[in-house]
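Dumped protein-v3.tsv below, it's TSV, C-alpha atoms:
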chain	number	residue	atom	x	y	z
A	1	MET	CA	-8.84	21.22	83.88
A	2	ARG	CA	-10.53	18.38	82.03
A	3	THR	CA	-13.75	18.82	80.07
A	4	ALA	CA	-16.25	16.68	78.18
A	5	LEU	CA	-19.13	17.67	75.92
A	6	VAL	CA	-22.06	15.30	76.32
A	7	GLN	CA	-25.49	14.86	74.83
A	8	LEU	CA	-28.57	12.92	75.96
A	9	SER	CA	-30.72	11.45	73.21
A	10	ASP	CA	-33.35	8.72	73.57
A	11	ASN	CA	-32.04	8.06	77.10
A	12	THR	CA	-28.56	7.40	75.71
A	13	TRP	CA	-25.57	9.53	76.66
A	14	SER	CA	-22.88	10.25	74.07
A	15	ARG	CA	-19.66	12.32	74.09
A	16	HIS	CA	-18.35	14.68	71.46
A	17	PRO	CA	-14.93	13.79	69.97
A	18	VAL	CA	-13.31	16.94	71.42
A	19	SER	CA	-14.00	15.60	74.93
A	20	GLN	CA	-11.12	14.62	77.17
A	21	SER	CA	-10.78	11.51	79.27
A	22	LEU	CA	-13.00	12.34	82.22
A	23	PRO	CA	-14.69	9.71	84.41
A	24	ASP	CA	-18.25	10.71	85.37
A	25	THR	CA	-17.42	10.39	89.05
A	26	ASP	CA	-14.65	13.02	88.72
A	27	VAL	CA	-16.98	15.70	87.34
A	28	GLN	CA	-17.28	18.69	89.70
A	29	LEU	CA	-19.52	20.91	87.55
A	30	PHE	CA	-22.11	20.00	84.95
A	31	LEU	CA	-23.73	22.77	82.89
A	32	CYS	CA	-26.83	21.47	81.14
A	33	PHE	CA	-28.82	23.29	78.43
A	34	ALA	CA	-32.02	21.84	77.03
A	35	ALA	CA	-35.35	22.57	75.40
A	36	ASP	CA	-38.08	23.71	77.79
A	37	TYR	CA	-40.27	20.64	77.35
A	38	ILE	CA	-37.35	18.30	78.10
A	39	LEU	CA	-36.65	20.03	81.42
A	40	ARG	CA	-40.33	19.73	82.35
A	41	SER	CA	-39.90	15.96	82.56
A	42	GLU	CA	-40.20	14.94	86.21
A	43	THR	CA	-37.29	12.54	85.85
A	44	ILE	CA	-34.77	14.69	84.00
A	45	TYR	CA	-32.80	15.86	87.04
A	46	ASP	CA	-32.61	12.31	88.40
A	47	GLN	CA	-31.20	11.11	85.07
A	48	VAL	CA	-28.47	13.75	85.10
A	49	ARG	CA	-27.67	13.21	88.79
A	50	ALA	CA	-27.33	9.46	88.25
A	51	ARG	CA	-24.80	10.14	85.51
A	52	PHE	CA	-22.75	12.71	87.48
A	53	PRO	CA	-23.19	11.78	91.15
A	54	HIS	CA	-20.66	14.23	92.67
A	55	ALA	CA	-21.18	17.27	90.45
A	56	GLN	CA	-22.81	20.63	91.02
A	57	ILE	CA	-25.53	20.49	88.37
A	58	ALA	CA	-27.08	23.57	86.73
A	59	LEU	CA	-29.95	23.03	84.28
A	60	CYS	CA	-31.22	25.84	82.03
A	61	SER	CA	-33.93	26.00	79.35
A	62	THR	CA	-33.07	27.50	75.97
A	63	SER	CA	-34.24	28.83	72.62
A	64	GLY	CA	-31.69	26.53	70.96
A	65	GLU	CA	-28.69	24.56	72.17
A	66	ILE	CA	-25.09	25.14	71.09
A	67	TYR	CA	-23.11	21.90	70.94
A	68	HIS	CA	-19.54	22.58	69.79
A	69	ASP	CA	-19.90	23.99	66.24
A	70	THR	CA	-23.59	23.17	65.70
A	71	VAL	CA	-26.93	24.63	66.82
A	72	GLN	CA	-29.64	22.21	67.84
A	73	ASP	CA	-33.28	22.35	68.86
A	74	ASP	CA	-35.20	20.02	71.16
A	75	SER	CA	-32.06	18.48	72.60
A	76	LEU	CA	-30.19	18.20	75.90
A	77	VAL	CA	-26.49	19.06	75.83
A	78	GLY	CA	-23.99	19.62	78.58
A	79	LEU	CA	-20.44	20.32	79.63
A	80	ALA	CA	-18.77	18.24	82.32
A	81	VAL	CA	-15.80	19.86	84.08
A	82	ALA	CA	-13.17	18.65	86.53
A	83	PHE	CA	-10.79	21.31	87.86
A	84	ARG	CA	-7.18	20.86	88.89
A	85	GLU	CA	-7.05	23.46	91.68
A	86	THR	CA	-9.97	25.82	91.10
A	87	THR	CA	-12.92	25.34	93.42
A	88	ILE	CA	-16.55	26.34	92.98
A	89	GLN	CA	-19.42	27.35	95.24
A	90	THR	CA	-23.02	27.57	94.06
A	91	ALA	CA	-26.19	29.33	95.17
A	92	SER	CA	-29.71	29.95	93.93
A	93	VAL	CA	-32.74	32.10	94.73
A	94	ASN	CA	-36.23	32.42	93.31
A	95	VAL	CA	-37.16	35.92	92.19
A	96	ARG	CA	-40.76	35.44	93.37
A	97	GLN	CA	-39.53	35.56	96.95
A	98	TYR	CA	-38.18	39.12	96.61
A	99	ALA	CA	-39.64	42.55	95.93
A	100	SER	CA	-37.41	43.06	92.86
A	101	SER	CA	-34.80	41.39	90.71
A	102	TYR	CA	-32.27	43.80	92.23
A	103	GLU	CA	-32.96	42.46	95.74
A	104	ALA	CA	-32.89	38.87	94.48
A	105	ALA	CA	-29.45	39.46	92.97
A	106	GLN	CA	-28.04	40.82	96.20
A	107	ALA	CA	-29.51	37.95	98.21
A	108	LEU	CA	-27.98	35.50	95.76
A	109	VAL	CA	-24.47	36.92	96.15
A	110	ARG	CA	-24.76	36.95	99.95
A	111	GLN	CA	-24.97	33.15	99.90
A	112	LEU	CA	-21.46	32.85	98.45
A	113	PRO	CA	-18.16	33.20	100.34
A	114	THR	CA	-16.27	36.28	99.20
A	115	GLU	CA	-12.69	35.25	100.00
A	116	GLY	CA	-10.90	34.05	96.88
A	117	LEU	CA	-13.89	34.66	94.59
A	118	THR	CA	-12.50	35.57	91.16
A	119	TYR	CA	-15.40	35.07	88.74
A	120	LEU	CA	-19.18	34.64	88.81
A	121	LEU	CA	-21.31	32.78	86.27
A	122	ILE	CA	-25.02	33.67	86.34
A	123	LEU	CA	-27.86	31.69	84.75
A	124	SER	CA	-31.21	33.40	85.28
A	125	ASP	CA	-34.89	33.00	84.61
A	126	GLY	CA	-35.66	34.78	81.35
A	127	SER	CA	-39.32	35.66	81.76
A	128	LEU	CA	-39.91	36.80	85.35
A	129	VAL	CA	-36.53	38.48	86.01
A	130	ASN	CA	-35.75	42.07	85.02
A	131	GLY	CA	-32.28	41.59	83.55
A	132	SER	CA	-31.22	45.21	84.03
A	133	GLU	CA	-32.08	45.12	87.74
A	134	LEU	CA	-30.35	41.76	88.04
A	135	ALA	CA	-27.10	43.13	86.59
A	136	GLN	CA	-27.26	46.23	88.79
A	137	GLY	CA	-27.79	44.17	91.93
A	138	LEU	CA	-24.94	41.83	91.07
A	139	ASN	CA	-22.56	44.72	90.42
A	140	VAL	CA	-23.33	46.44	93.71
A	141	ALA	CA	-23.01	43.21	95.69
A	142	THR	CA	-19.71	42.08	94.14
A	143	ASP	CA	-17.72	45.32	93.59
A	144	ASN	CA	-15.86	45.02	90.25
A	145	LEU	CA	-15.97	41.22	90.03
A	146	LEU	CA	-16.08	39.75	86.52
A	147	ILE	CA	-19.60	38.46	85.87
A	148	THR	CA	-20.98	36.83	82.71
A	149	GLY	CA	-23.93	34.61	81.91
A	150	GLY	CA	-27.39	34.78	80.41
A	151	LEU	CA	-31.15	34.61	80.74
A	152	ALA	CA	-32.86	31.32	79.96
A	153	GLY	CA	-34.98	30.92	76.83
A	154	ASP	CA	-38.12	29.09	75.77
A	155	ALA	CA	-37.94	28.77	71.97
A	156	ALA	CA	-38.91	32.44	71.37
A	157	ASN	CA	-42.23	32.10	73.20
A	158	PHE	CA	-41.27	34.53	76.00
A	159	LYS	CA	-43.71	32.89	78.39
A	160	SER	CA	-41.91	30.64	80.85
A	161	THR	CA	-38.31	29.52	81.43
A	162	LEU	CA	-36.86	26.86	83.71
A	163	LEU	CA	-33.69	26.56	85.79
A	164	GLY	CA	-32.56	24.22	88.51
A	165	LEU	CA	-29.48	23.97	90.70
A	166	ASN	CA	-29.07	20.45	92.04
A	167	THR	CA	-32.82	20.02	91.81
A	168	GLN	CA	-35.68	19.71	89.36
A	169	PRO	CA	-35.91	22.88	87.19
A	170	ALA	CA	-38.63	25.45	87.94
A	171	GLU	CA	-39.74	28.95	86.98
A	172	GLY	CA	-38.21	32.05	88.58
A	173	ASN	CA	-34.84	30.63	89.60
A	174	ILE	CA	-31.52	32.45	89.39
A	175	ILE	CA	-28.30	30.41	89.69
A	176	ALA	CA	-24.85	31.68	90.68
A	177	ILE	CA	-21.67	29.64	90.25
A	178	GLY	CA	-18.69	31.20	91.98
A	179	PHE	CA	-15.16	30.28	90.90
A	180	TYR	CA	-12.36	30.48	93.49
A	181	GLY	CA	-8.57	30.52	93.29
A	182	ASP	CA	-5.79	32.24	91.36
A	183	LYS	CA	-5.23	29.53	88.75
A	184	LEU	CA	-8.28	30.29	86.62
A	185	ILE	CA	-8.09	32.72	83.69
A	186	VAL	CA	-11.50	33.90	82.41
A	187	ARG	CA	-11.83	36.15	79.36
A	188	HIS	CA	-14.96	37.54	77.73
A	189	GLY	CA	-16.12	38.99	74.42
A	190	SER	CA	-19.44	40.37	73.15
A	191	GLU	CA	-20.53	41.77	69.79
A	192	GLY	CA	-23.78	42.53	67.98
A	193	GLY	CA	-23.44	43.33	64.29
A	194	TRP	CA	-26.78	45.10	63.78
A	195	ASP	CA	-27.14	48.21	61.61
A	196	THR	CA	-28.69	51.41	62.97
A	197	PHE	CA	-30.98	53.56	60.84
A	198	GLY	CA	-32.91	56.78	61.28
A	199	LEU	CA	-32.06	59.80	63.39
A	200	GLU	CA	-31.08	59.63	67.06
A	201	LYS	CA	-34.02	60.33	69.35
A	202	GLU	CA	-34.58	60.68	73.10
A	203	VAL	CA	-36.73	58.64	75.49
A	204	THR	CA	-39.13	61.12	77.10
A	205	HIS	CA	-41.48	58.74	78.96
A	206	SER	CA	-40.76	55.24	80.22
A	207	GLU	CA	-41.32	53.02	83.25
A	208	SER	CA	-38.44	50.63	83.83
A	209	ASN	CA	-38.50	48.42	80.71
A	210	ILE	CA	-41.81	49.80	79.35
A	211	LEU	CA	-41.40	52.52	76.72
A	212	HIS	CA	-44.18	55.11	76.26
A	213	GLU	CA	-42.74	58.07	74.37
A	214	ILE	CA	-39.79	58.99	72.17
A	215	ASP	CA	-39.28	62.71	71.49
A	216	HIS	CA	-42.71	63.27	73.12
A	217	GLN	CA	-44.33	61.09	70.46
A	218	ASN	CA	-46.03	57.77	71.08
A	219	ALA	CA	-43.24	55.19	70.86
A	220	LEU	CA	-45.31	52.40	69.32
A	221	ASP	CA	-46.75	54.62	66.60
A	222	LEU	CA	-43.27	55.88	65.76
A	223	TYR	CA	-41.84	52.37	65.75
A	224	MET	CA	-44.58	51.08	63.45
A	225	LYS	CA	-43.94	53.97	61.08
A	226	TYR	CA	-40.27	52.99	60.80
A	227	LEU	CA	-41.10	49.31	60.29
A	228	GLY	CA	-43.46	49.99	57.40
A	229	SER	CA	-44.98	46.75	56.09
A	230	ASP	CA	-43.10	44.72	58.72
A	231	ALA	CA	-45.34	46.32	61.36
A	232	ASP	CA	-48.11	43.98	60.19
A	233	ASP	CA	-46.15	41.07	61.68
A	234	LEU	CA	-45.80	42.53	65.19
A	235	PRO	CA	-44.98	41.35	67.80
A	236	ALA	CA	-42.93	38.62	66.03
A	237	SER	CA	-41.16	41.07	63.71
A	238	ALA	CA	-40.01	43.15	66.72
A	239	LEU	CA	-37.18	40.65	67.29
A	240	LEU	CA	-35.78	41.65	63.91
A	241	PHE	CA	-35.79	45.38	64.70
A	242	PRO	CA	-34.23	46.03	68.14
A	243	LEU	CA	-33.37	49.39	69.64
A	244	SER	CA	-29.93	50.88	70.26
A	245	VAL	CA	-30.02	52.57	73.68
A	246	LEU	CA	-27.36	54.97	74.98
A	247	MET	CA	-28.25	55.46	78.64
A	248	PRO	CA	-27.44	58.66	80.55
A	249	GLY	CA	-23.89	58.52	81.96
A	250	VAL	CA	-22.93	55.45	79.87
A	251	GLU	CA	-20.36	55.72	77.09
A	252	GLN	CA	-21.47	52.79	74.93
A	253	PRO	CA	-24.95	51.95	73.60
A	254	ILE	CA	-26.70	48.73	74.54
A	255	VAL	CA	-29.05	46.83	72.27
A	256	ARG	CA	-32.53	46.20	73.65
A	257	THR	CA	-34.90	43.52	72.32
A	258	ILE	CA	-38.62	44.23	72.19
A	259	LEU	CA	-40.48	41.45	73.98
A	260	SER	CA	-44.05	42.62	73.40
A	261	VAL	CA	-46.24	45.49	72.30
A	262	ASP	CA	-49.48	46.69	73.87
A	263	THR	CA	-51.68	48.14	71.14
A	264	GLU	CA	-54.26	49.41	73.63
A	265	ARG	CA	-51.82	51.28	75.89
A	266	LYS	CA	-49.57	52.05	72.92
A	267	THR	CA	-46.45	50.82	74.75
A	268	MET	CA	-43.47	48.60	74.03
A	269	THR	CA	-41.94	46.24	76.60
A	270	PHE	CA	-38.21	45.53	76.33
A	271	ALA	CA	-35.93	42.82	77.73
A	272	GLY	CA	-34.16	45.47	79.83
A	273	ASP	CA	-34.68	48.98	81.13
A	274	VAL	CA	-34.97	51.96	78.77
A	275	PRO	CA	-34.49	54.98	81.10
A	276	VAL	CA	-35.84	58.46	80.42
A	277	GLY	CA	-33.12	60.59	78.82
A	278	SER	CA	-31.62	57.68	76.88
A	279	LYS	CA	-30.63	58.35	73.29
A	280	VAL	CA	-32.08	55.71	70.96
A	281	ARG	CA	-31.85	54.63	67.34
A	282	PHE	CA	-33.74	51.91	65.52
A	283	MET	CA	-31.80	48.89	64.27
A	284	LYS	CA	-32.19	46.19	61.64
A	285	ALA	CA	-30.47	42.94	60.80
A	286	ASN	CA	-27.47	42.68	58.52
A	287	PHE	CA	-26.96	39.00	57.74
A	288	ASP	CA	-23.25	39.17	56.95
A	289	ARG	CA	-22.45	41.45	59.89
A	290	LEU	CA	-24.15	39.14	62.38
A	291	THR	CA	-21.86	36.26	61.45
A	292	SER	CA	-18.83	38.54	61.33
A	293	ALA	CA	-19.70	39.85	64.80
A	294	ALA	CA	-19.49	36.33	66.21
A	295	SER	CA	-15.90	36.12	64.95
A	296	THR	CA	-15.16	39.54	66.41
A	297	ALA	CA	-16.46	38.44	69.82
A	298	ALA	CA	-14.19	35.39	69.66
A	299	ARG	CA	-11.16	37.51	68.74
A	300	GLN	CA	-11.76	39.59	71.87
A	301	LEU	CA	-10.86	36.46	73.86
A	302	VAL	CA	-7.31	36.27	72.57
A	303	ASP	CA	-4.98	35.85	75.52
A	304	PRO	CA	-1.74	37.89	75.30
A	305	LEU	CA	0.10	34.93	76.82
A	306	HIS	CA	-1.46	32.56	74.25
A	307	HIS	CA	-3.25	30.43	76.81
A	308	HIS	CA	-5.46	27.97	74.95
A	309	PRO	CA	-9.04	27.89	76.39
A	310	HIS	CA	-10.05	24.64	78.02
A	311	PHE	CA	-13.60	25.50	76.96
A	312	SER	CA	-15.74	28.45	75.89
A	313	LEU	CA	-19.32	29.23	76.87
A	314	LEU	CA	-21.41	30.79	74.09
A	315	ILE	CA	-24.63	32.67	74.88
A	316	SER	CA	-26.33	34.23	71.87
A	317	CYS	CA	-29.66	36.02	71.50
A	318	VAL	CA	-32.78	34.31	70.21
A	319	GLY	CA	-33.28	37.30	67.88
A	320	ARG	CA	-30.08	36.39	66.03
A	321	LYS	CA	-31.35	32.83	65.65
A	322	LEU	CA	-34.58	34.05	64.07
A	323	VAL	CA	-32.72	36.31	61.64
A	324	LEU	CA	-30.11	33.76	60.57
A	325	GLY	CA	-32.66	30.95	60.32
A	326	PRO	CA	-31.23	27.89	58.57
A	327	HIS	CA	-27.82	29.58	58.48
A	328	ILE	CA	-27.60	29.85	62.27
A	329	ASP	CA	-24.76	27.30	62.42
A	330	GLU	CA	-22.57	29.80	60.60
A	331	GLU	CA	-22.12	32.11	63.59
A	332	VAL	CA	-21.12	29.21	65.83
A	333	GLU	CA	-18.81	27.84	63.15
A	334	ALA	CA	-17.22	31.30	62.90
A	335	VAL	CA	-16.44	31.18	66.62
A	336	SER	CA	-15.00	27.67	66.33
A	337	GLN	CA	-12.79	28.68	63.41
A	338	THR	CA	-11.50	31.69	65.32
A	339	LEU	CA	-10.78	29.89	68.61
A	340	GLY	CA	-9.67	26.59	67.05
A	341	SER	CA	-11.68	23.47	66.32
A	342	ASN	CA	-10.21	21.65	69.33
A	343	VAL	CA	-11.68	24.15	71.84
A	344	PRO	CA	-14.92	22.66	73.24
A	345	LEU	CA	-17.88	25.02	72.79
A	346	ILE	CA	-21.13	24.81	74.75
A	347	GLY	CA	-23.99	27.22	75.21
A	348	PHE	CA	-27.50	28.30	74.28
A	349	TYR	CA	-29.75	30.89	72.66
A	350	ALA	CA	-31.10	33.19	75.32
A	351	ASN	CA	-33.54	35.94	76.24
A	352	GLY	CA	-30.60	38.13	77.27
A	353	GLU	CA	-26.83	38.05	77.70
A	354	LEU	CA	-24.84	39.18	80.77
A	355	SER	CA	-21.33	40.53	80.30
A	356	PRO	CA	-19.24	43.67	80.63
A	357	PHE	CA	-18.53	45.64	77.48
A	358	PRO	CA	-15.52	44.23	75.56
A	359	ASN	CA	-13.27	46.93	77.06
A	360	GLY	CA	-14.34	46.09	80.61
A	361	GLY	CA	-16.44	47.74	83.28
A	362	ASP	CA	-19.47	46.46	85.15
A	363	CYS	CA	-21.67	43.60	84.01
A	364	GLN	CA	-24.47	44.72	81.69
A	365	LEU	CA	-27.61	43.15	80.28
A	366	HIS	CA	-27.19	42.85	76.52
A	367	ASN	CA	-29.62	41.79	73.82
A	368	GLN	CA	-28.98	40.64	70.27
A	369	THR	CA	-25.29	39.85	70.89
A	370	MET	CA	-23.05	36.84	70.69
A	371	THR	CA	-21.41	36.77	74.11
A	372	ILE	CA	-18.53	34.37	74.79
A	373	THR	CA	-16.66	33.47	77.97
A	374	SER	CA	-13.47	31.41	77.78
A	375	PHE	CA	-11.92	29.42	80.61
A	376	TYR	CA	-8.33	28.34	81.14
A	377	GLU	CA	-6.80	26.83	84.26
A	378	LEU	CA	-3.08	27.29	84.85
A	379	PRO	CA	-1.12	24.09	85.56
Step by step, read the file and then write its structure as structure tokens.
Amino acid sequence: MRTALVQLSDNTWSRHPVSQSLPDTDVQLFLCFAADYILRSETIYDQVRARFPHAQIALCSTSGEIYHDTVQDDSLVGLAVAFRETTIQTASVNVRQYASSYEAAQALVRQLPTEGLTYLLILSDGSLVNGSELAQGLNVATDNLLITGGLAGDAANFKSTLLGLNTQPAEGNIIAIGFYGDKLIVRHGSEGGWDTFGLEKEVTHSESNILHEIDHQNALDLYMKYLGSDADDLPASALLFPLSVLMPGVEQPIVRTILSVDTERKTMTFAGDVPVGSKVRFMKANFDRLTSAASTAARQLVDPLHHHPHFSLLISCVGRKLVLGPHIDEEVEAVSQTLGSNVPLIGFYANGELSPFPNGGDCQLHNQTMTITSFYELP
């Protein structure tokens, strides 16, 4: 496998020093992450296609772009890949054409050949798609296949995200990239680093990702009580105080980001489902633990056979970016230091992360994590 990190600035393409020798015409896959307004340009896809004429091209809007060991805003970055023996197949659907995100996920998988499929990368709309339903649909349709990926961002506006597969980006799209063959080794890691506080409580009334009551009390009133003076800054401050959710029948809690609050209905809308019967605890940021968690996620990628990743894909939550602020580079630098400075890193800040738990299992929608996927192709 050969890889190259590239960046487009002022209509000029440049390559990062960690890039390998890789002619543009040899590129088979190009993953492109960019600010929302850049992808709204009517010529952006044509510019990328002209550069990589034979590649499968996936474009995804972000809440910040990860380019090796730095975090950028208002940029376009990408990873160009040429495989030795691994092959890829791609597919896309638009969630607006289906009754639910669950059905859209199943329709997406049906477009891909199943024979030899070893790994699935998903890039999804981050405003119209229910990430929990998406993960459930993918799991049912693929039966124990490793799946990772993330939900597109839009600079923490939570209004509209854009994706495109071999076409101009648009709202509502979900992209699947299937990897085929027995030469590819894919490993994953995911970690949060948030602190829980307060007593464990139970969800007693919810509808999908809309929370009404906790312990038979109004959820929003209870949440505002815990936030104290920070409640005055809702809904923006909600990103700094997510919820730990232990769903019925699940052994590990999942972090859920609050996307919005409805002061009239007294409800809270989350980035994923919060089922009735779930055990929940409030959470708050711990600056040092967030950065440490990024290193922990990277250490989960360690290969027992010491295979050196050809590249790693980093998808981190926009909430972490807001908390870390000007120190956001530190969590990406921590990953680079753990994996090695010569491992190319690419990725973005997202509205949600898709990955199994570190110890395995089905794909889950996560929030407020640093989720990393590493790729190595055997010679």
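Residues in contact with Phe287 of chain A at up to 8 Å, not including ones fewer than 4 positions away on its chain and judged by all atoms listed in the file, are A:Thr291, A:Val323, A:Leu324.
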Would you kindly return, as a tab-separated table (two decimals) with C-alpha atoms, in the frame of the given file, each protein, DNA or RNA residue with an atom no farther than 12 Å from any atom of segment 222-228 of chain A, considering all atoms listed in the file and excluding same-chain residues fewer than 2 positions away?
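Final output, around.tsv:
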chain	number	residue	atom	x	y	z
A	196	THR	CA	-28.69	51.41	62.97
A	197	PHE	CA	-30.98	53.56	60.84
A	198	GLY	CA	-32.91	56.78	61.28
A	199	LEU	CA	-32.06	59.80	63.39
A	201	LYS	CA	-34.02	60.33	69.35
A	211	LEU	CA	-41.40	52.52	76.72
A	212	HIS	CA	-44.18	55.11	76.26
A	213	GLU	CA	-42.74	58.07	74.37
A	214	ILE	CA	-39.79	58.99	72.17
A	215	ASP	CA	-39.28	62.71	71.49
A	216	HIS	CA	-42.71	63.27	73.12
A	217	GLN	CA	-44.33	61.09	70.46
A	218	ASN	CA	-46.03	57.77	71.08
A	219	ALA	CA	-43.24	55.19	70.86
A	220	LEU	CA	-45.31	52.40	69.32
A	230	ASP	CA	-43.10	44.72	58.72
A	231	ALA	CA	-45.34	46.32	61.36
A	232	ASP	CA	-48.11	43.98	60.19
A	233	ASP	CA	-46.15	41.07	61.68
A	234	LEU	CA	-45.80	42.53	65.19
A	235	PRO	CA	-44.98	41.35	67.80
A	237	SER	CA	-41.16	41.07	63.71
A	238	ALA	CA	-40.01	43.15	66.72
A	239	LEU	CA	-37.18	40.65	67.29
A	240	LEU	CA	-35.78	41.65	63.91
A	241	PHE	CA	-35.79	45.38	64.70
A	242	PRO	CA	-34.23	46.03	68.14
A	243	LEU	CA	-33.37	49.39	69.64
A	258	ILE	CA	-38.62	44.23	72.19
A	261	VAL	CA	-46.24	45.49	72.30
A	263	THR	CA	-51.68	48.14	71.14
A	266	LYS	CA	-49.57	52.05	72.92
A	267	THR	CA	-46.45	50.82	74.75
A	268	MET	CA	-43.47	48.60	74.03
A	280	VAL	CA	-32.08	55.71	70.96
A	281	ARG	CA	-31.85	54.63	67.34
A	282	PHE	CA	-33.74	51.91	65.52
A	283	MET	CA	-31.80	48.89	64.27
A	284	LYS	CA	-32.19	46.19	61.64
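Of the listed residues (A:Leu290, A:Ala152, A:Ala105, A:Val343), A:Val343 comes nearest to Ser312 of chain A; the distances count all atoms listed in the file.
With only C-alpha atoms as the atoms that count, the residue of A:Ser374, A:Ser336, A:Thr161, A:Gln364 with the shortest distance to Thr70 of chain A is A:Ser336.
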**Q.** Selected residue of minimal separation from Val274 of chain A among A:Ile328, A:Val129, A:Ala4, A:Leu365, counting only C-alpha atoms
**A.**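 Of the candidates, the smallest distance to Val274 of chain A is held by A:Leu365.
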Q. Which polymer residues have any atom within 6 Å of an atom of Cys60 of chain A, counting all atoms listed in the file, with same-chain residues fewer than 3 positions away left out, as a ChimeraX atom specification?
A. /A:33,162-163
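Ranking A:Ala155, A:Val6, A:Leu128, A:Ala141 by their shortest atom-to-atom distance to Arg96 of chain A, with all atoms listed in the file included, puts A:Leu128 first.
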Q | Which residue of A:Leu146, A:Ala170, A:Cys32, A:Ala107 approaches Arg187 of chain A most closely, using all atoms listed in the file | A |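 For Arg187 of chain A, the nearest of the given residues is A:Leu146.
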Q: Using only C-alpha atoms, determine which residues lie at most 9 Å from Lys279 of chain A, disregarding the query and same-chain residues fewer than 4 positions distant; provide the list as a list in words.
A: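 Here the answer would be Glu200, Lys201, Glu202, Val203, Ser244, Val245, Leu246, Met247, Pro248 and Pro253 of chain A.
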Q: Considering all atoms listed in the file, return as a ChimeraX atom specification whatever protein or nucleic-acid residues lie within 8 Å of Gln368 of chain A, sequence-local ones (same chain, fewer than 4 positions apart) excluded.
A: /A:192,242,255-257,316-320,352
Q: Figure out the distance between atom CA of Pro53 of chain A and atom CA of Ala91 of chain A, please, to one decimal in Å.
A: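 Atom CA of Pro53 of chain A lies at a distance of 18.3 Å from atom CA of Ala91 of chain A.
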Q: Determine the nearest neighbour of Ser100 of chain A from the options A:Gln337, A:Ser208, A:Gln168, A:Gln7, counting all atoms listed in the file.
A: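 Among the listed residues, the smallest separation from Ser100 of chain A belongs to A:Ser208.
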**Q.** Å distance separating atom CA of Gly164 of chain A from atom CA of Ser92 of chain A, one decimal place
**A.**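 Taking atom CA of Gly164 of chain A and atom CA of Ser92 of chain A, their separation equals 8.4 Å.
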Q: For atom CA of Phe179 of chain A and atom CA of Gly64 of chain A, determine how far apart the two atoms are, in Å to one decimal place.
A: 26.2 Å
